[in-house]
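**Q** Structure file final.txt (compact mmCIF, C-alpha atoms and all ligand atoms) right here:
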```
# COMPACT_ATOMS: atom_id res chain seq x y z
CA MET S 2 77.01 120.14 43.26
CA ILE S 3 78.73 117.78 40.84
CA LEU S 4 81.04 119.28 38.24
CA ASN S 5 81.05 118.04 34.66
CA HIS S 6 84.48 116.46 34.94
CA SER S 7 83.36 114.43 37.97
CA ALA S 8 80.15 113.19 36.40
CA HIS S 9 81.66 109.79 35.56
CA ASP S 10 83.68 109.44 38.77
CA TYR S 11 82.36 106.23 40.27
CA THR S 12 84.68 106.45 43.28
CA ILE S 13 83.17 109.78 44.36
CA LEU S 14 79.64 108.50 43.77
CA VAL S 15 80.25 105.42 45.90
CA GLU S 16 81.99 107.40 48.66
CA LYS S 17 79.02 109.72 48.91
CA TRP S 18 76.59 106.82 49.20
CA GLN S 19 78.83 105.19 51.80
CA THR S 20 78.83 108.40 53.84
CA LEU S 21 75.06 108.68 53.59
CA ALA S 22 74.62 105.05 54.63
CA LYS S 23 76.95 105.39 57.60
CA ARG S 24 75.35 108.60 58.79
CA ASN S 25 71.89 107.06 58.70
CA SER S 26 72.66 103.48 59.78
CA LEU S 27 71.69 102.07 56.41
CA SER S 28 73.08 99.01 54.74
CA PHE S 29 75.31 99.73 51.74
CA LYS S 30 76.64 96.49 50.42
CA LYS S 31 78.24 95.05 47.35
CA VAL S 32 75.88 93.02 45.18
CA THR S 33 78.74 91.58 43.17
CA ILE S 34 81.71 92.58 41.05
CA TYR S 35 80.50 93.07 37.51
CA ASN S 36 82.82 93.98 34.61
CA GLN S 37 85.61 94.56 37.15
CA PHE S 38 83.70 97.03 39.32
CA PRO S 39 81.55 96.57 42.43
CA VAL S 40 77.82 97.16 42.07
CA TYR S 41 76.18 98.34 45.28
CA GLU S 42 72.77 98.25 46.91
CA LEU S 43 71.51 100.59 49.60
CA CYS S 44 68.70 99.33 51.79
CA ASN S 45 67.31 99.59 55.28
CA ASP S 46 65.95 97.00 57.64
CA CYS S 47 62.40 98.33 57.75
CA GLU S 48 60.07 95.39 57.61
CA GLY S 49 56.93 97.13 56.43
CA LYS S 50 53.97 95.33 55.02
CA ALA S 51 54.10 93.83 51.56
CA GLY S 52 53.91 96.52 48.94
CA SER S 53 54.91 99.38 51.19
CA GLY S 54 58.47 99.87 50.02
CA LEU S 55 60.26 101.88 47.38
CA TYR S 56 62.64 100.70 44.67
CA LEU S 57 64.87 103.10 42.78
CA SER S 58 67.63 102.44 40.31
CA ALA S 59 69.83 104.44 37.97
CA GLY S 60 72.87 104.04 35.78
CA ILE S 61 71.88 100.84 34.00
CA HIS S 62 72.85 102.73 30.86
CA GLY S 63 76.32 104.00 31.70
CA ASP S 64 76.17 107.14 29.56
CA GLU S 65 73.09 108.40 31.44
CA VAL S 66 74.83 109.89 34.45
CA ALA S 67 72.56 112.68 35.68
CA PRO S 68 70.04 110.40 37.42
CA CYS S 69 72.80 108.72 39.45
CA TRP S 70 73.63 112.07 41.01
CA SER S 71 69.97 113.11 41.29
CA MET S 72 69.13 109.99 43.25
CA LEU S 73 72.03 110.67 45.59
CA HIS S 74 70.95 114.29 46.15
CA TRP S 75 67.37 113.19 46.73
CA ALA S 76 68.48 110.50 49.21
CA GLU S 77 70.74 112.95 51.09
CA LYS S 78 67.81 115.33 51.52
CA ASN S 79 65.28 112.64 52.40
CA ALA S 80 67.29 110.24 54.53
CA ASP S 81 64.77 110.54 57.38
CA LEU S 82 62.28 108.78 55.15
CA PHE S 83 64.45 105.68 55.21
CA LYS S 84 63.83 105.29 58.94
CA HIS S 85 60.28 104.10 58.36
CA ILE S 86 59.80 103.21 54.68
CA PRO S 87 61.37 100.01 53.32
CA ILE S 88 63.68 100.98 50.52
CA VAL S 89 65.96 99.30 48.01
CA ILE S 90 68.22 101.51 45.89
CA TYR S 91 70.69 100.58 43.17
CA PRO S 92 72.78 103.76 42.77
CA CYS S 93 74.51 102.63 39.58
CA LEU S 94 73.78 99.32 37.89
CA ASN S 95 76.43 99.61 35.20
CA PRO S 96 79.59 101.06 36.78
CA TRP S 97 81.82 100.03 33.87
CA GLY S 98 79.54 101.95 31.50
CA PHE S 99 79.33 104.89 33.93
CA ILE S 100 83.12 105.17 34.07
CA ASN S 101 83.56 104.66 30.32
CA ASN S 102 80.58 106.79 29.27
CA CYS S 103 79.02 103.82 27.52
CA ARG S 104 75.38 102.78 27.35
CA ALA S 105 76.12 99.06 27.23
CA ASP S 106 78.17 96.93 29.59
CA MET S 107 81.73 95.82 28.86
CA ASN S 108 80.42 92.96 26.72
CA GLY S 109 78.41 95.35 24.56
CA GLU S 110 75.13 94.12 26.05
CA ASP S 111 72.22 96.33 27.06
CA LEU S 112 71.59 95.43 30.70
CA ASN S 113 68.10 96.86 30.35
CA ARG S 114 67.13 93.99 28.07
CA LEU S 115 68.40 91.10 30.18
CA TRP S 116 65.91 90.99 33.07
CA GLY S 117 64.41 87.78 31.76
CA ASN S 118 67.65 85.93 32.51
CA PRO S 119 67.85 84.79 36.15
CA MET S 120 71.28 83.31 35.39
CA HIS S 121 72.81 86.65 34.47
CA PRO S 122 75.88 87.25 36.70
CA LEU S 123 74.63 90.65 37.93
CA LEU S 124 70.89 90.78 37.31
CA GLY S 125 70.43 87.20 38.50
CA LYS S 126 71.73 88.24 41.92
CA ILE S 127 69.29 91.17 42.06
CA ILE S 128 66.40 88.99 40.87
CA LEU S 129 67.17 86.52 43.65
CA ARG S 130 67.52 89.26 46.25
CA LEU S 131 64.18 90.86 45.31
CA LYS S 132 62.30 87.56 45.59
CA ASN S 133 59.14 87.98 47.69
CA LEU S 134 59.43 91.79 47.82
CA THR S 135 56.71 94.06 46.52
CA PHE S 136 56.96 97.82 46.23
CA ARG S 137 54.42 100.62 46.33
CA LEU S 138 56.53 102.36 43.70
CA SER S 139 59.51 101.54 41.53
CA LEU S 140 61.40 104.17 39.57
CA ASN S 141 63.91 103.58 36.78
CA LEU S 142 65.86 106.68 35.89
CA HIS S 143 67.22 107.23 32.39
CA GLU S 144 68.35 109.78 29.83
CA ASP S 145 67.93 110.00 26.06
CA PHE S 146 70.22 111.61 23.47
CA ASP S 147 67.33 112.01 21.02
CA ALA S 148 65.02 113.69 23.50
CA ASN S 149 64.14 117.37 23.25
CA GLY S 150 62.65 117.41 26.74
CA ILE S 151 61.56 115.28 29.67
CA TYR S 152 59.27 112.31 29.23
CA LEU S 153 58.30 109.11 30.98
CA TYR S 154 56.95 105.62 30.53
CA GLU S 155 54.04 104.42 32.61
CA PRO S 156 53.82 100.75 31.66
CA CYS S 157 50.95 99.85 33.91
CA GLN S 158 48.32 102.39 34.72
CA ASN S 159 45.91 101.81 37.55
CA ALA S 160 43.01 103.91 38.63
CA GLU S 161 44.55 105.45 41.71
CA SER S 162 47.65 106.67 39.90
CA GLY S 163 45.61 108.18 37.08
CA PHE S 164 47.34 111.55 36.90
CA TRP S 165 50.66 110.77 38.52
CA ALA S 166 52.52 110.72 35.23
CA GLU S 167 51.25 114.19 34.35
CA GLU S 168 52.04 115.51 37.83
CA ILE S 169 55.57 114.08 37.81
CA LEU S 170 56.38 115.74 34.48
CA MET S 171 54.68 119.00 35.46
CA THR S 172 56.90 119.36 38.51
CA ALA S 173 60.03 119.58 36.32
CA GLN S 174 58.53 121.71 33.58
CA SER S 175 60.08 124.90 34.93
CA LEU S 176 63.51 123.27 34.41
CA LEU S 177 63.06 121.47 31.10
CA PRO S 178 60.27 121.36 28.52
CA ILE S 179 58.21 118.26 27.96
CA ASP S 180 59.43 116.29 24.95
CA SER S 181 57.35 117.33 21.96
CA ARG S 182 57.66 114.14 19.90
CA LEU S 183 54.46 112.31 19.03
CA THR S 184 56.21 108.93 18.92
CA ILE S 185 59.25 107.83 20.88
CA ASP S 186 60.97 104.55 20.01
CA GLY S 187 57.98 103.76 17.82
CA ARG S 188 55.47 104.21 20.64
CA GLU S 189 52.67 106.76 20.75
CA THR S 190 53.56 109.61 23.09
CA ILE S 191 51.04 112.07 24.46
CA ASN S 192 52.40 115.16 26.23
CA GLY S 193 55.59 113.32 27.08
CA ILE S 194 53.85 110.22 28.42
CA ILE S 195 54.20 106.78 26.89
CA ARG S 196 51.84 104.10 28.09
CA PRO S 197 53.20 101.02 26.35
CA ASP S 198 50.87 98.26 25.32
CA ARG S 199 51.61 95.41 27.71
CA ASN S 200 51.11 92.95 24.89
CA ASN S 201 53.81 94.66 22.87
CA PRO S 202 57.01 94.53 24.95
CA PRO S 203 60.42 95.27 23.40
CA LEU S 204 61.38 92.47 21.03
CA ASP S 205 65.02 92.47 22.08
CA GLY S 206 64.58 91.45 25.71
CA ILE S 207 62.93 92.22 29.03
CA PRO S 208 63.62 95.69 30.50
CA GLU S 209 63.90 96.32 34.23
CA ALA S 210 60.53 98.12 34.29
CA ILE S 211 58.61 95.17 32.87
CA TYR S 212 60.40 92.75 35.19
CA LEU S 213 59.43 94.98 38.14
CA ILE S 214 55.75 95.40 37.33
CA GLU S 215 55.31 91.73 36.60
CA ASN S 216 56.98 90.61 39.81
CA HIS S 217 57.25 93.36 42.40
CA GLY S 218 54.37 95.84 42.29
CA ARG S 219 52.50 97.43 39.49
CA ARG S 220 53.26 101.11 39.94
CA ASN S 221 56.37 101.93 37.93
CA PHE S 222 57.71 104.92 36.06
CA THR S 223 60.70 105.13 33.78
CA ILE S 224 61.72 108.78 33.81
CA GLU S 225 63.87 110.31 31.07
CA THR S 226 65.77 113.57 30.69
CA PRO S 227 67.37 114.90 27.47
CA SER S 228 71.08 114.06 27.50
CA GLU S 229 72.01 117.20 25.55
CA ALA S 230 70.68 119.58 28.22
CA SER S 231 73.08 120.88 30.87
CA LEU S 232 74.15 118.37 33.49
CA CYS S 233 73.03 120.52 36.42
CA THR S 234 69.59 121.03 34.91
CA ARG S 235 69.17 117.32 34.21
CA ILE S 236 70.21 116.46 37.75
CA SER S 237 67.72 118.97 39.18
CA ALA S 238 64.94 117.75 36.88
CA HIS S 239 65.35 114.13 37.91
CA GLU S 240 65.59 115.12 41.54
CA VAL S 241 62.28 116.99 41.59
CA MET S 242 60.58 114.20 39.63
CA ILE S 243 61.85 111.54 42.05
CA GLU S 244 60.61 113.66 44.93
CA LYS S 245 57.20 114.12 43.35
CA ALA S 246 56.76 110.44 42.49
CA VAL S 247 57.77 109.32 45.97
CA ASN S 248 55.55 111.91 47.66
CA LEU S 249 52.59 110.75 45.57
CA ALA S 250 53.35 107.12 46.45
CA LEU S 251 53.58 107.88 50.15
CA GLN S 252 50.08 109.31 50.12
CA TYR S 253 48.70 105.85 49.33
ZN ZN S 301 68.52 104.53 29.36
```
Let me see the structure of the file written as structure tokens.

**A**
Amino acid sequence: MILNHSAHDYTILVEKWQTLAKRNSLSFKKVTIYNQFPVYELCNDCEGKAGSGLYLSAGIHGDEVAPCWSMLHWAEKNADLFKHIPIVIYPCLNPWGFINNCRADMNGEDLNRLWGNPMHPLLGKIILRLKNLTFRLSLNLHEDFDANGIYLYEPCQNAESGFWAEEILMTAQSLLPIDSRLTIDGRETINGIIRPDRNNPPLDGIPEAIYLIENHGRRNFTIETPSEASLCTRISAHEVMIEKAVNLALQY
């Protein structure tokens, strides 16, 4: 259980991931120092065939803290999975923002619009590290101050994941309602699901999700919880949605 006053405590978050990594013989290493703070990656040494792994990230927007804790809780409960499924996790991609409760990085830039820049001092290192990897599923975990419930983006729908989006949202519906808006960020939204037109990407830069589906596997969800709901509820909602998405992915 994370208390409200600890929600932005990066030291505690990192210590918990370090403990998890040590206990399960996983690699937890520094990607780089970015905006004065270390950014970490958790991974295992499972080889796996191409496309069999999982990619999860949170905290790219520093004021969206619940998913950072959800991912940790999910990983603590499912560490056995990491013994046989290749996995790459970025527990918090914007530690400066996490600590300062700020969406952007220290330079005022939105890190979720800079994935087209392989020279970026943080994202460039991740882009290089992910080279040649493909994933059966990638998840990007976010929150939204304007949201009145949970919703998600499914940027690339394929036949076999036809109802995954609906199932992922349904699993958290007992915790939080599905966002009722008909458009979100100018995009048509049906029952909390946005399926963006691939020919109409954000004009202000490449988000992580688009970078991932174009380079590392086509099954991706960006999951959102409403920032104004209680922290514990948001953490629980993300956790059950991560679990559902991963369980669906492992069936294929
Ligand atoms: Zn976000």

**Q** Show me a table, sorted first by chain and then by increasing residue number, of the residues of chain S having an atom at most 6 Å from ligand ZN 301 (chain S), each with its shortest atom pair and the distance in Å to one decimal, counting only C-alpha atoms and all ligand atoms and written as a tab-separated table.

**A**
```
residue	atom	partner	partner_atom	distance
S:His62	CA	S:ZN301	ZN	4.9
S:His143	CA	S:ZN301	ZN	4.3
S:Glu144	CA	S:ZN301	ZN	5.3
```

**Q** Rounded to one decimal place, report the CA of Leu21 in chain S-CA of Leu177 in chain S distance in Å.

**A**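 Going from CA of Leu21 in chain S over to CA of Leu177 in chain S, I get 28.5 Å.
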
**Q** Write out as a PDB file with C-alpha atoms, in the frame of the given file the residues lying within 10 Å of Val66 in chain S, counting all atoms listed in the file and excluding same-chain residues fewer than 2 positions away.

**A**
```
ATOM      1  CA  ALA S   8      80.150 113.190  36.400  1.00  0.00           C
ATOM      2  CA  HIS S   9      81.660 109.790  35.560  1.00  0.00           C
ATOM      3  CA  ASP S  10      83.680 109.440  38.770  1.00  0.00           C
ATOM      4  CA  ALA S  59      69.830 104.440  37.970  1.00  0.00           C
ATOM      5  CA  GLY S  60      72.870 104.040  35.780  1.00  0.00           C
ATOM      6  CA  ILE S  61      71.880 100.840  34.000  1.00  0.00           C
ATOM      7  CA  HIS S  62      72.850 102.730  30.860  1.00  0.00           C
ATOM      8  CA  GLY S  63      76.320 104.000  31.700  1.00  0.00           C
ATOM      9  CA  ASP S  64      76.170 107.140  29.560  1.00  0.00           C
ATOM     10  CA  PRO S  68      70.040 110.400  37.420  1.00  0.00           C
ATOM     11  CA  CYS S  69      72.800 108.720  39.450  1.00  0.00           C
ATOM     12  CA  TRP S  70      73.630 112.070  41.010  1.00  0.00           C
ATOM     13  CA  SER S  71      69.970 113.110  41.290  1.00  0.00           C
ATOM     14  CA  CYS S  93      74.510 102.630  39.580  1.00  0.00           C
ATOM     15  CA  GLY S  98      79.540 101.950  31.500  1.00  0.00           C
ATOM     16  CA  PHE S  99      79.330 104.890  33.930  1.00  0.00           C
ATOM     17  CA  ILE S 100      83.120 105.170  34.070  1.00  0.00           C
ATOM     18  CA  ASN S 102      80.580 106.790  29.270  1.00  0.00           C
ATOM     19  CA  LEU S 142      65.860 106.680  35.890  1.00  0.00           C
ATOM     20  CA  HIS S 143      67.220 107.230  32.390  1.00  0.00           C
ATOM     21  CA  GLU S 144      68.350 109.780  29.830  1.00  0.00           C
ATOM     22  CA  SER S 228      71.080 114.060  27.500  1.00  0.00           C
ATOM     23  CA  LEU S 232      74.150 118.370  33.490  1.00  0.00           C
ATOM     24  CA  ARG S 235      69.170 117.320  34.210  1.00  0.00           C
ATOM     25  CA  ILE S 236      70.210 116.460  37.750  1.00  0.00           C
TER      26      ILE S 236
END
```

**Q** Between CA of Arg220 in chain S and CA of Cys233 in chain S, what distance in Å does the model show, to one decimal?

**A**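 That distance, rounded to one decimal, is 27.9 Å.
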
**Q** Residues at most 12 Å from His121 in chain S, counting only C-alpha atoms, excluding those fewer than 6 positions away in the same chain, as a list in words?

**A**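 Counting only the stated atoms, we get Thr33, Tyr35, Glu110, Leu112, Asn113, Arg114, Leu115, Ile127, Ile128 and Leu129 of chain S.
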
**Q** To one decimal in Å, tell me the separation between CA of Gly150 in chain S and CA of Val247 in chain S.

**A** 21.4 Å

**Q** For Arg182 in chain S, which of S:Leu57, S:Leu43, S:Ala166, S:Ala148 is the closest residue, counting only C-alpha atoms?

**A** S:Ala148

**Q** At a cut-off of 9 Å, using all atoms listed in the file, what residues contact Trp75 in chain S? Leave out same-chain residues fewer than 5 positions from it and give the result as a PDB file with C-alpha atoms, in the coordinates of the input.

**A**
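Everything below was put into result-v2.pdb:
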```pdb
ATOM      1  CA  TRP S  70      73.630 112.070  41.010  1.00  0.00           C
ATOM      2  CA  ALA S  80      67.290 110.240  54.530  1.00  0.00           C
ATOM      3  CA  GLU S 240      65.590 115.120  41.540  1.00  0.00           C
ATOM      4  CA  VAL S 241      62.280 116.990  41.590  1.00  0.00           C
ATOM      5  CA  ILE S 243      61.850 111.540  42.050  1.00  0.00           C
ATOM      6  CA  GLU S 244      60.610 113.660  44.930  1.00  0.00           C
TER       7      GLU S 244
END
```

**Q** Name the closest residue to Leu73 in chain S among the candidates S:Leu27, S:Leu94, S:Val15, S:Val32; distances are taken between atoms, counting all atoms listed in the file.

**A**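 When distances to Leu73 in chain S are compared using all atoms listed in the file, the smallest one comes from S:Val15.
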
**Q** Could you check which residues have any atom within 9 Å of (55.7, 94.5, 50.7), counting only C-alpha atoms with coordinates taken straight from the file, and then list them as a PyMOL selection string?

**A** chain S and resi 48-54+87+133-137+217-218

**Q** Using only C-alpha atoms, please write the residues we just selected to a file, as an mmCIF file, in the coordinates of the input.

**A**
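What follows is the written file out_36.cif:
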```cif
data_model
loop_
_atom_site.group_PDB
_atom_site.id
_atom_site.type_symbol
_atom_site.label_atom_id
_atom_site.label_comp_id
_atom_site.auth_asym_id
_atom_site.auth_seq_id
_atom_site.Cartn_x
_atom_site.Cartn_y
_atom_site.Cartn_z
ATOM 1 C CA GLU S 48 60.070 95.390 57.610
ATOM 2 C CA GLY S 49 56.930 97.130 56.430
ATOM 3 C CA LYS S 50 53.970 95.330 55.020
ATOM 4 C CA ALA S 51 54.100 93.830 51.560
ATOM 5 C CA GLY S 52 53.910 96.520 48.940
ATOM 6 C CA SER S 53 54.910 99.380 51.190
ATOM 7 C CA GLY S 54 58.470 99.870 50.020
ATOM 8 C CA PRO S 87 61.370 100.010 53.320
ATOM 9 C CA ASN S 133 59.140 87.980 47.690
ATOM 10 C CA LEU S 134 59.430 91.790 47.820
ATOM 11 C CA THR S 135 56.710 94.060 46.520
ATOM 12 C CA PHE S 136 56.960 97.820 46.230
ATOM 13 C CA ARG S 137 54.420 100.620 46.330
ATOM 14 C CA HIS S 217 57.250 93.360 42.400
ATOM 15 C CA GLY S 218 54.370 95.840 42.290
#
```

**Q** Calculated over all atoms listed in the file, which of the candidates S:Asp46, S:Ser26, S:Arg219, S:Glu155 has the smallest distance to Thr190 in chain S?

**A** S:Glu155

**Q** Taking all atoms listed in the file into account, name the residue in S:Phe83, S:Tyr11, S:Tyr152, S:Trp116 that is nearest to Val40 in chain S.

**A**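 Counting all atoms listed in the file, the residue closest to Val40 in chain S is S:Tyr11.
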
**Q** List the neighbours of Trp97 in chain S out to 8 Å using only C-alpha atoms; skip same-chain residues closer than 4 positions along the sequence, and give me the result as a list of chain:residue names.

**A**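 With the cut-off at 8 Å, the set is S:Tyr35, S:Asn36, S:Gln37, S:Phe38, S:Gly63, S:Asn101, S:Cys103, S:Asp106, S:Met107.
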
**Q** Env of Ile195 in chain S: 7 Å cut, atoms = all atoms listed in the file, seq-sep filter 2 positions within chain, self excluded. Answer as an MDAnalysis selection string.

**A** chainID S and resid 153:155 188:191 193 197

**Q** Would you mind telling me which residue in S:Cys157, S:Ile214, S:Leu14, S:Ile88 lies nearest to His74 in chain S when using all atoms listed in the file?

**A**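 Of S:Cys157, S:Ile214, S:Leu14, S:Ile88, the one nearest His74 in chain S, counting all atoms listed in the file, is S:Leu14.
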
**Q** Around all the atoms of range 211-226 of chain S listed in the file, with 5 Å of room on each side, what axis-aligned box do you get, giving centre and edge lengths in Å to one decimal, as AutoDock Vina command-line options?

**A**
```
--center_x 59.1 --center_y 102.1 --center_z 36.5 --size_x 23.3 --size_y 33.0 --size_z 21.7
```

**Q** Go through S:Pro39, S:Lys132, S:Ala250, S:Asn192 one by one, measure the shortest atom-to-atom distance of each to Thr12 in chain S using only C-alpha atoms, and give the residue with the smallest value.

**A**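 Answer, going by the shortest atom-to-atom distance: S:Pro39.
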